[in-house]
>>> print(open('my_file-v5.txt').read())   # compact mmCIF, C-alpha atoms (C1' of nucleotides)
# COMPACT_ATOMS: atom_id res chain seq x y z
CA MET A 326 113.29 102.14 88.94
CA GLY A 327 116.23 99.98 87.92
CA ALA A 328 115.38 96.32 87.63
CA GLU A 329 111.78 95.37 87.19
CA LEU A 330 111.20 92.42 89.39
CA SER A 331 108.34 90.08 88.95
CA VAL A 332 108.73 86.91 90.86
CA THR A 333 106.76 83.86 89.82
CA GLU A 334 104.95 81.78 92.39
CA ASN A 335 107.59 79.12 92.10
CA GLU A 336 110.41 81.56 92.54
CA ALA A 337 108.61 82.91 95.57
CA LYS A 338 108.77 79.46 97.09
CA TYR A 339 112.52 79.43 96.63
CA LEU A 340 112.88 82.88 98.12
CA LYS A 341 110.93 82.01 101.22
CA LEU A 342 112.92 78.83 101.68
CA ILE A 343 116.25 80.51 101.17
CA TYR A 344 115.34 83.36 103.48
CA ARG A 345 114.31 81.03 106.25
CA GLY A 346 117.47 79.02 105.94
CA GLN A 347 119.83 81.88 105.55
CA CYS A 348 118.36 84.62 107.70
CA GLU A 349 116.37 82.76 110.29
CA GLU A 350 118.39 79.64 110.81
CA SER A 351 121.80 80.83 109.69
CA THR A 352 122.18 77.69 107.67
CA LYS A 353 124.25 77.53 104.56
CA VAL A 354 121.73 77.02 101.79
CA ARG A 355 122.78 74.08 99.66
CA THR A 356 121.48 73.17 96.25
CA THR A 357 120.82 69.58 97.19
CA ALA A 358 118.98 70.54 100.34
CA VAL A 359 116.72 72.91 98.45
CA ALA A 360 116.13 70.23 95.85
CA LYS A 361 115.11 67.71 98.46
CA SER A 362 112.97 70.19 100.24
CA LEU A 363 111.05 71.10 97.10
CA GLY A 364 111.04 67.67 95.52
CA VAL A 365 112.98 68.57 92.38
CA ARG A 366 116.39 67.75 90.96
CA PRO A 367 119.47 69.73 91.84
CA ALA A 368 119.87 70.90 88.25
CA THR A 369 116.47 72.49 88.47
CA VAL A 370 117.43 74.36 91.60
CA THR A 371 120.53 75.70 89.93
CA GLU A 372 118.45 76.98 87.07
CA VAL A 373 115.93 78.77 89.23
CA ILE A 374 118.70 80.25 91.33
CA GLN A 375 120.34 81.61 88.22
CA ASN A 376 117.08 83.27 87.28
CA LEU A 377 116.73 84.82 90.70
CA SER A 378 120.28 86.01 90.39
CA GLU A 379 119.49 87.72 87.10
CA LYS A 380 116.64 89.49 88.80
CA ASN A 381 119.12 90.74 91.37
CA LEU A 382 117.42 88.96 94.20
CA LEU A 383 120.48 87.04 95.22
CA TRP A 384 124.20 86.74 94.70
CA TYR A 385 125.31 83.54 93.15
CA ARG A 386 128.81 82.11 92.94
CA ARG A 387 129.13 78.83 91.10
CA TYR A 388 129.69 75.88 93.39
CA HIS A 389 129.39 78.09 96.43
CA GLY A 390 126.17 79.04 98.07
CA VAL A 391 123.81 81.89 97.43
CA GLU A 392 123.18 85.02 99.41
CA LEU A 393 120.09 87.13 99.18
CA THR A 394 120.61 90.72 98.12
CA LYS A 395 118.91 93.63 99.80
CA GLU A 396 116.13 93.35 97.23
CA GLY A 397 115.87 89.63 97.74
CA ILE A 398 115.57 90.06 101.46
CA ALA A 399 112.91 92.71 101.02
CA GLU A 400 110.96 90.50 98.68
CA ALA A 401 111.23 87.49 100.97
CA GLN A 402 110.13 89.53 103.95
CA LYS A 403 107.16 90.81 102.01
CA LEU A 404 106.16 87.24 101.21
CA LEU A 405 106.70 86.05 104.74
CA ARG A 406 104.73 88.98 106.10
CA LYS A 407 101.81 87.86 103.99
CA HIS A 408 102.31 84.28 104.99
CA ARG A 409 102.37 85.01 108.68
CA ILE A 410 99.49 87.43 108.73
CA LEU A 411 97.42 84.77 107.03
CA GLU A 412 98.50 82.32 109.69
CA ILE A 413 97.20 84.69 112.33
CA LEU A 414 93.87 84.85 110.56
CA PHE A 415 93.51 81.12 110.17
CA THR A 416 94.51 80.17 113.67
CA ASP A 417 92.17 82.74 115.10
CA ILE A 418 89.07 82.31 113.01
CA LEU A 419 89.34 78.68 112.18
CA LYS A 420 91.15 77.41 115.22
CA TYR A 421 93.72 75.82 112.95
CA ASN A 422 96.89 74.53 114.54
CA THR A 423 100.12 76.12 113.40
CA GLN A 424 100.94 73.32 111.01
CA ARG A 425 97.68 73.55 109.16
CA ALA A 426 97.64 77.31 109.19
CA CYS A 427 101.08 77.25 107.65
CA ASN A 428 100.00 74.86 104.93
CA GLU A 429 97.02 76.91 103.90
CA SER A 430 98.97 80.13 104.08
CA SER A 431 101.60 78.71 101.79
CA LYS A 432 99.00 78.23 99.11
CA LEU A 433 97.67 81.74 99.37
CA ASP A 434 100.40 84.10 100.50
CA TYR A 435 101.81 84.78 97.09
CA HIS A 436 98.40 85.68 95.71
CA ALA A 437 97.24 87.95 98.48
CA SER A 438 97.63 91.64 97.78
CA MET A 439 99.53 93.67 100.33
CA SER A 440 96.49 95.80 100.89
CA LEU A 441 94.46 92.76 101.89
CA ILE A 442 97.23 91.70 104.22
CA ASN A 443 97.40 95.14 105.74
CA ALA A 444 93.68 95.14 106.35
CA ILE A 445 93.94 91.82 108.16
CA CYS A 446 96.95 93.09 110.07
CA LYS A 447 94.96 96.08 111.23
CA ALA A 448 91.99 93.94 112.21
CA TYR A 449 94.30 91.93 114.45
CA GLY A 450 95.93 94.94 116.08
CA HIS A 451 99.17 94.78 114.14
CA PRO A 452 100.55 91.58 115.60
CA GLU A 453 104.31 91.24 115.73
CA ILE A 454 104.73 87.50 115.86
CA CYS A 455 102.99 84.71 114.05
CA PRO A 456 101.54 81.58 115.66
CA CYS A 457 104.90 79.84 115.42
CA LYS A 458 106.60 82.77 117.13
CA LYS A 459 108.37 84.14 114.13
CA VAL A 460 108.65 87.82 113.40
CA ILE A 461 106.00 89.48 111.28
CA PHE A 462 107.78 92.10 109.25
CA SER A 463 106.10 95.46 109.23
CA ASP A 464 104.99 97.46 106.27
CA PRO A 465 105.33 101.23 106.33
CA LYS A 466 101.97 101.50 104.57
CA CYS A 467 100.29 99.62 107.38
CA LYS A 468 99.58 102.33 109.88
CA LYS A 469 99.09 101.45 113.48
CA LYS A 470 97.01 104.49 114.32
CA MET B 39 87.13 58.01 87.91
CA GLY B 40 86.67 58.73 84.22
CA ALA B 41 88.26 61.95 83.12
CA GLU B 42 90.95 63.38 85.30
CA LEU B 43 90.22 67.01 85.52
CA SER B 44 92.75 69.52 86.57
CA VAL B 45 91.76 73.01 85.74
CA THR B 46 94.41 75.68 85.50
CA GLU B 47 93.90 79.02 87.16
CA ASN B 48 93.24 80.59 83.82
CA GLU B 49 90.72 77.97 82.84
CA ALA B 50 89.04 78.53 86.16
CA LYS B 51 88.55 82.17 85.20
CA TYR B 52 86.80 81.08 82.04
CA LEU B 53 84.62 78.63 83.91
CA LYS B 54 83.46 81.20 86.42
CA LEU B 55 82.71 83.69 83.68
CA ILE B 56 80.83 81.19 81.56
CA TYR B 57 78.86 79.94 84.52
CA ARG B 58 77.81 83.41 85.53
CA GLY B 59 76.73 84.26 82.02
CA GLN B 60 75.03 81.02 81.25
CA CYS B 61 73.52 79.93 84.53
CA GLU B 62 73.05 83.14 86.42
CA GLU B 63 72.21 85.61 83.70
CA SER B 64 70.88 83.25 81.04
CA THR B 65 73.00 85.02 78.49
CA LYS B 66 74.32 83.32 75.44
CA VAL B 67 78.05 83.19 75.99
CA ARG B 68 79.82 84.57 72.97
CA THR B 69 83.47 84.19 72.10
CA THR B 70 83.93 87.87 71.49
CA ALA B 71 82.27 88.85 74.72
CA VAL B 72 84.49 86.52 76.69
CA ALA B 73 87.51 87.87 74.86
CA LYS B 74 86.64 91.45 75.72
CA SER B 75 85.86 90.56 79.26
CA LEU B 76 89.21 88.88 79.77
CA GLY B 77 91.28 91.16 77.62
CA VAL B 78 92.43 88.57 75.12
CA ARG B 79 91.82 87.87 71.44
CA PRO B 80 88.90 85.79 70.26
CA ALA B 81 91.24 83.14 68.89
CA THR B 82 92.62 82.66 72.35
CA VAL B 83 89.17 82.14 73.77
CA THR B 84 88.40 79.52 71.17
CA GLU B 85 91.56 77.68 72.12
CA VAL B 86 90.87 77.65 75.83
CA ILE B 87 87.30 76.60 75.21
CA GLN B 88 88.49 73.69 73.15
CA ASN B 89 90.71 72.62 76.02
CA LEU B 90 87.83 72.83 78.47
CA SER B 91 85.78 70.81 76.06
CA GLU B 92 88.43 68.12 75.97
CA LYS B 93 88.29 67.99 79.72
CA ASN B 94 84.57 67.38 79.43
CA LEU B 95 83.70 70.56 81.24
CA LEU B 96 81.61 71.95 78.44
CA TRP B 97 79.99 71.07 75.17
CA TYR B 98 81.33 72.94 72.23
CA ARG B 99 79.86 73.25 68.75
CA ARG B 100 81.91 75.21 66.29
CA TYR B 101 80.45 78.63 65.55
CA HIS B 102 77.72 78.08 68.06
CA GLY B 103 78.00 78.75 71.72
CA VAL B 104 79.17 76.57 74.56
CA GLU B 105 77.24 74.85 77.26
CA LEU B 106 78.68 73.66 80.53
CA THR B 107 78.39 69.97 81.21
CA LYS B 108 77.35 68.56 84.53
CA GLU B 109 81.02 68.35 85.48
CA GLY B 110 81.62 71.89 84.30
CA ILE B 111 78.75 73.19 86.36
CA ALA B 112 79.99 71.33 89.40
CA GLU B 113 83.47 72.71 88.95
CA ALA B 114 82.21 76.25 88.45
CA GLN B 115 80.02 76.01 91.50
CA LYS B 116 82.93 74.78 93.53
CA LEU B 117 84.97 77.76 92.44
CA LEU B 118 82.15 80.19 93.06
CA ARG B 119 81.51 78.71 96.46
CA LYS B 120 85.10 79.46 97.35
CA HIS B 121 84.86 82.89 95.87
CA ARG B 122 81.74 83.82 97.75
CA ILE B 123 82.79 82.40 101.08
CA LEU B 124 85.93 84.49 100.83
CA GLU B 125 83.78 87.53 100.09
CA ILE B 126 81.90 86.89 103.29
CA LEU B 127 85.15 86.77 105.21
CA PHE B 128 86.53 89.94 103.73
CA THR B 129 83.42 92.03 104.07
CA ASP B 130 83.03 90.96 107.65
CA ILE B 131 86.55 91.15 108.99
CA LEU B 132 87.89 93.88 106.84
CA LYS B 133 84.77 95.90 106.22
CA TYR B 134 85.46 95.71 102.52
CA ASN B 135 82.72 96.76 100.15
CA THR B 136 81.40 94.14 97.80
CA GLN B 137 83.48 95.36 94.89
CA ARG B 138 86.74 95.14 96.76
CA ALA B 139 85.84 91.87 98.41
CA CYS B 140 85.13 90.46 94.98
CA ASN B 141 88.45 91.62 93.61
CA GLU B 142 90.46 90.10 96.39
CA SER B 143 88.46 86.92 96.31
CA SER B 144 89.10 86.54 92.62
CA LYS B 145 92.81 86.44 93.29
CA LEU B 146 92.53 83.78 95.95
CA ASP B 147 89.53 81.57 95.32
CA TYR B 148 91.26 79.18 92.99
CA HIS B 149 94.08 78.60 95.47
CA ALA B 150 92.02 78.08 98.58
CA SER B 151 91.48 74.48 99.55
CA MET B 152 87.92 73.37 100.05
CA SER B 153 88.72 72.45 103.60
CA LEU B 154 89.79 76.01 104.32
CA ILE B 155 86.63 77.29 102.72
CA ASN B 156 84.51 74.91 104.73
CA ALA B 157 86.17 76.03 107.93
CA ILE B 158 85.35 79.65 107.10
CA CYS B 159 81.85 78.64 106.12
CA LYS B 160 81.35 77.01 109.46
CA ALA B 161 82.78 80.01 111.32
CA TYR B 162 80.16 82.16 109.63
CA GLY B 163 77.25 79.86 110.34
CA HIS B 164 76.98 78.39 106.87
CA PRO B 165 75.78 81.49 105.05
CA GLU B 166 73.62 80.97 102.00
CA ILE B 167 74.15 84.17 100.12
CA CYS B 168 77.24 86.24 99.50
CA PRO B 169 77.52 90.00 100.01
CA CYS B 170 76.21 90.64 96.51
CA LYS B 171 73.21 88.43 97.18
CA LYS B 172 74.24 85.52 95.06
CA VAL B 173 73.80 81.93 96.09
CA ILE B 174 76.58 80.20 97.96
CA PHE B 175 76.56 76.62 96.79
CA SER B 176 76.75 74.08 99.54
CA ASP B 177 79.24 71.32 99.99
CA PRO B 178 78.14 67.98 101.37
CA LYS B 179 81.37 67.79 103.36
CA CYS B 180 80.54 71.03 105.11
CA LYS B 181 78.36 69.92 107.96
CA LYS B 182 75.95 72.32 109.56
CA LYS B 183 75.87 70.47 112.84
C1' DT C 112 67.92 85.04 47.67
C1' DC C 113 72.26 87.15 47.31
C1' DT C 114 75.68 89.67 49.35
C1' DT C 115 78.18 91.66 52.77
C1' DA C 116 79.50 92.44 57.40
C1' DA C 117 80.37 90.38 61.80
C1' DA C 118 81.72 86.61 64.47
C1' DT C 119 84.41 82.60 64.92
C1' DT C 120 87.82 79.31 64.00
C1' DT C 121 92.18 77.31 61.94
C1' DA C 122 97.02 77.55 60.99
C1' DG C 123 101.29 78.58 62.41
C1' DG C 124 104.08 80.60 65.63
C1' DG C 125 106.30 82.47 69.94
C1' DA C 126 107.52 83.28 74.85
C1' DA C 127 107.68 82.10 79.72
C1' DC C 128 108.21 78.56 83.11
C1' DC C 129 109.34 74.54 85.09
C1' DC C 130 111.28 70.08 84.91
C1' DC C 131 114.48 66.21 83.50
C1' DT C 132 118.84 63.16 82.33
C1' DA C 133 123.61 62.58 81.34
C1' DA C 134 127.91 64.30 81.35
C1' DA C 135 131.32 67.54 82.96
C1' DA C 136 133.41 70.44 86.51
C1' DT C 137 134.48 71.57 91.16
C1' DA C 138 134.87 70.95 96.10
C1' DT C 139 135.79 68.22 100.09
C1' DA C 140 137.20 64.59 103.00
C1' DT C 141 140.32 60.94 103.78
C1' DA D 182 146.51 63.27 96.19
C1' DT D 183 142.61 60.94 95.07
C1' DA D 184 138.09 59.24 95.55
C1' DT D 185 133.48 60.75 96.61
C1' DA D 186 129.89 63.93 96.91
C1' DT D 187 128.03 68.16 95.23
C1' DT D 188 126.99 71.25 91.77
C1' DT D 189 126.63 72.90 87.25
C1' DT D 190 126.29 72.76 82.05
C1' DA D 191 124.28 71.03 77.87
C1' DG D 192 120.50 69.75 75.54
C1' DG D 193 115.81 68.75 75.64
C1' DG D 194 110.69 68.34 76.55
C1' DG D 195 105.95 69.59 77.98
C1' DT D 196 102.38 72.77 79.34
C1' DT D 197 100.02 76.94 79.22
C1' DC D 198 98.85 81.09 77.38
C1' DC D 199 98.95 84.44 73.84
C1' DC D 200 99.17 86.50 69.06
C1' DT D 201 98.42 87.61 63.81
C1' DA D 202 96.65 86.53 59.37
C1' DA D 203 93.90 83.92 56.68
C1' DA D 204 89.93 80.94 56.21
C1' DT D 205 85.03 79.72 57.50
C1' DT D 206 80.53 80.22 58.90
C1' DT D 207 76.64 82.78 60.47
C1' DA D 208 73.45 86.41 60.31
C1' DA D 209 71.36 90.50 58.45
C1' DG D 210 70.03 93.76 54.89
C1' DA D 211 68.78 94.82 50.30
>>> encode(input="my_file-v5.txt", output="structure tokens")
Amino acid sequence: MGAELSVTENEAKYLKLIYRGQCEESTKVRTTAVAKSLGVRPATVTEVIQNLSEKNLLWYRRYHGVELTKEGIAEAQKLLRKHRILEILFTDILKYNTQRACNESSKLDYHASMSLINAICKAYGHPEICPCKKVIFSDPKCKKK
Amino acid sequence: MGAELSVTENEAKYLKLIYRGQCEESTKVRTTAVAKSLGVRPATVTEVIQNLSEKNLLWYRRYHGVELTKEGIAEAQKLLRKHRILEILFTDILKYNTQRACNESSKLDYHASMSLINAICKAYGHPEICPCKKVIFSDPKCKKK
DNA sequence: TCTTAAATTTAGGGAACCCCTAAAATATAT
DNA sequence: ATATATTTTAGGGGTTCCCTAAATTTAAGA
């Protein structure tokens, strides 16, 4: 099984942020920007990034940006799938606006099991986009039939 | 505001367990039992209990049991309210059985904001018992009207 | 009661995480 | 080229959770 990855909740936050920047907005992900975004110091960001790099979730070249590896992308997509399925649930049941749904989802996504997410996904007919129109990544274990 | 309480996720686990034993099953809560239940050593339980005691969530007398304080009871009820409202959601939407609903809820309850819980509560007509027939504590901020 | 077994607590550590400041190194823009 | 901005090292610190081994204390049996 190669590297055993276990991402902490904090690291998950970084992954989601980096994925959004890099893969969804094609932005170069900068240390300072991440730091501002998360309310920590740049040195802290560097440290966390180095940890993620050791877990093979991203490539890291000193003083240059980072790039998610295949595993990092997979992990980020898993997290964002959870996040967005939860958004679907909250906007539907609770009539939350996208902003609020996103906030609540951010608190829970990391902790939701994929099987819970898949059950919600099924209940909502396997939606393909979230309330803010972003892609909901599919999971092979989540059967449409 | 007196004591500033901020319970960690782990401490929350202890609180829920102690509350269930003490208030719902009138059992004397023993260190060893808690340890077995949570899969840790007795010494660890003692330590966490001492921390909870410093946060004024329970009374602690060495070698004798513990007893939740008013604040501890309130905190536990808050957590269990979240837990049970989530159970309602999962059994309804996902057709989960009570066991599974409980498992998933345990992972999320601590992280769900009370406002999210109240929104779900409202969507389900302010239920008073959870799927396993236990009381769902009410929240003054959760209006029935 | 006395003694022993069971339960509980201290003492003393350790590991994982996350965060910081100050100082150095590197990159970039003029 | 050089000044400025960005990023990284170096060196710490705090919290939380967990453990083992050695006391204590309680409780139960003889």
>>> residues_around(input="my_file-v5.txt", residues="DT187 in chain D", least_positions_apart="4", cutoff="12 Å", atoms="only C-alpha atoms (C1' of nucleotides)", output="list in words")
Arg355, Thr356, Thr357, Ala358, Pro367, Ala368, Thr371, Arg387, Tyr388, His389 and Gly390 of chain A; DA136, DT137, DA138 and DT139 of chain C
>>> residues_near_point(input="my_file-v5.txt", point="(116.1, 93.5, 94.8)", cutoff="6 Å", atoms="all atoms listed in the file", output="list in words")
Asn381, Leu382, Lys395, Glu396 and Gly397 of chain A
>>> interface_residues(input="my_file-v5.txt", of="chain B", to="chain D", cutoff="8 Å", atoms="all atoms listed in the file", output="count of residues only")
4
>>> axis_aligned_box(input="my_file-v5.txt", around="range 446-456 of chain A", padding_each_side="6 Å", output="lines of an AutoDock Vina configuration file")
center_x = 98.4
center_y = 88.8
center_z = 113.1
size_x = 24.7
size_y = 26.5
size_z = 18.0
>>> closest_atom_pairs(input="my_file-v5.txt", of="chain C", to="chain B", cutoff="9 Å", atoms="all atoms listed in the file", output="Markdown table")
| residue | atom | partner | partner_atom | distance |
| --- | --- | --- | --- | --- |
| C:DA118 | C1' | B:Thr70 | CA | 7.5 |
| C:DT119 | C1' | B:Tyr101 | CA | 5.6 |
| C:DT120 | C1' | B:Ala81 | CA | 7.1 |
>>> atom_distance(input="my_file-v5.txt", atom1="CA of Val332 in chain A", atom2="CA of Ala401 in chain A")
10.4 Å
>>> interface_residues(input="my_file-v5.txt", of="chain A", to="chain B", cutoff="12 Å", atoms="all atoms listed in the file", output="PyMOL selection string")
chain A and resi 334+411+414-421+425-449
>>> atom_distance(input="my_file-v5.txt", atom1="CA of Lys403 in chain A", atom2="CA of Phe462 in chain A")
7.4 Å
>>> residues_around(input="my_file-v5.txt", residues="Trp97 in chain B", least_positions_apart="6", cutoff="10 Å", atoms="all atoms listed in the file", output="compact mmCIF listing (two decimals) with C-alpha atoms, in the coordinates of the input")
# COMPACT_ATOMS: atom_id res chain seq x y z
CA ILE B 87 87.30 76.60 75.21
CA GLN B 88 88.49 73.69 73.15
CA LEU B 90 87.83 72.83 78.47
CA SER B 91 85.78 70.81 76.06
CA GLY B 103 78.00 78.75 71.72
CA VAL B 104 79.17 76.57 74.56
CA GLU B 105 77.24 74.85 77.26
CA LEU B 106 78.68 73.66 80.53
CA THR B 107 78.39 69.97 81.21
CA GLY B 110 81.62 71.89 84.30
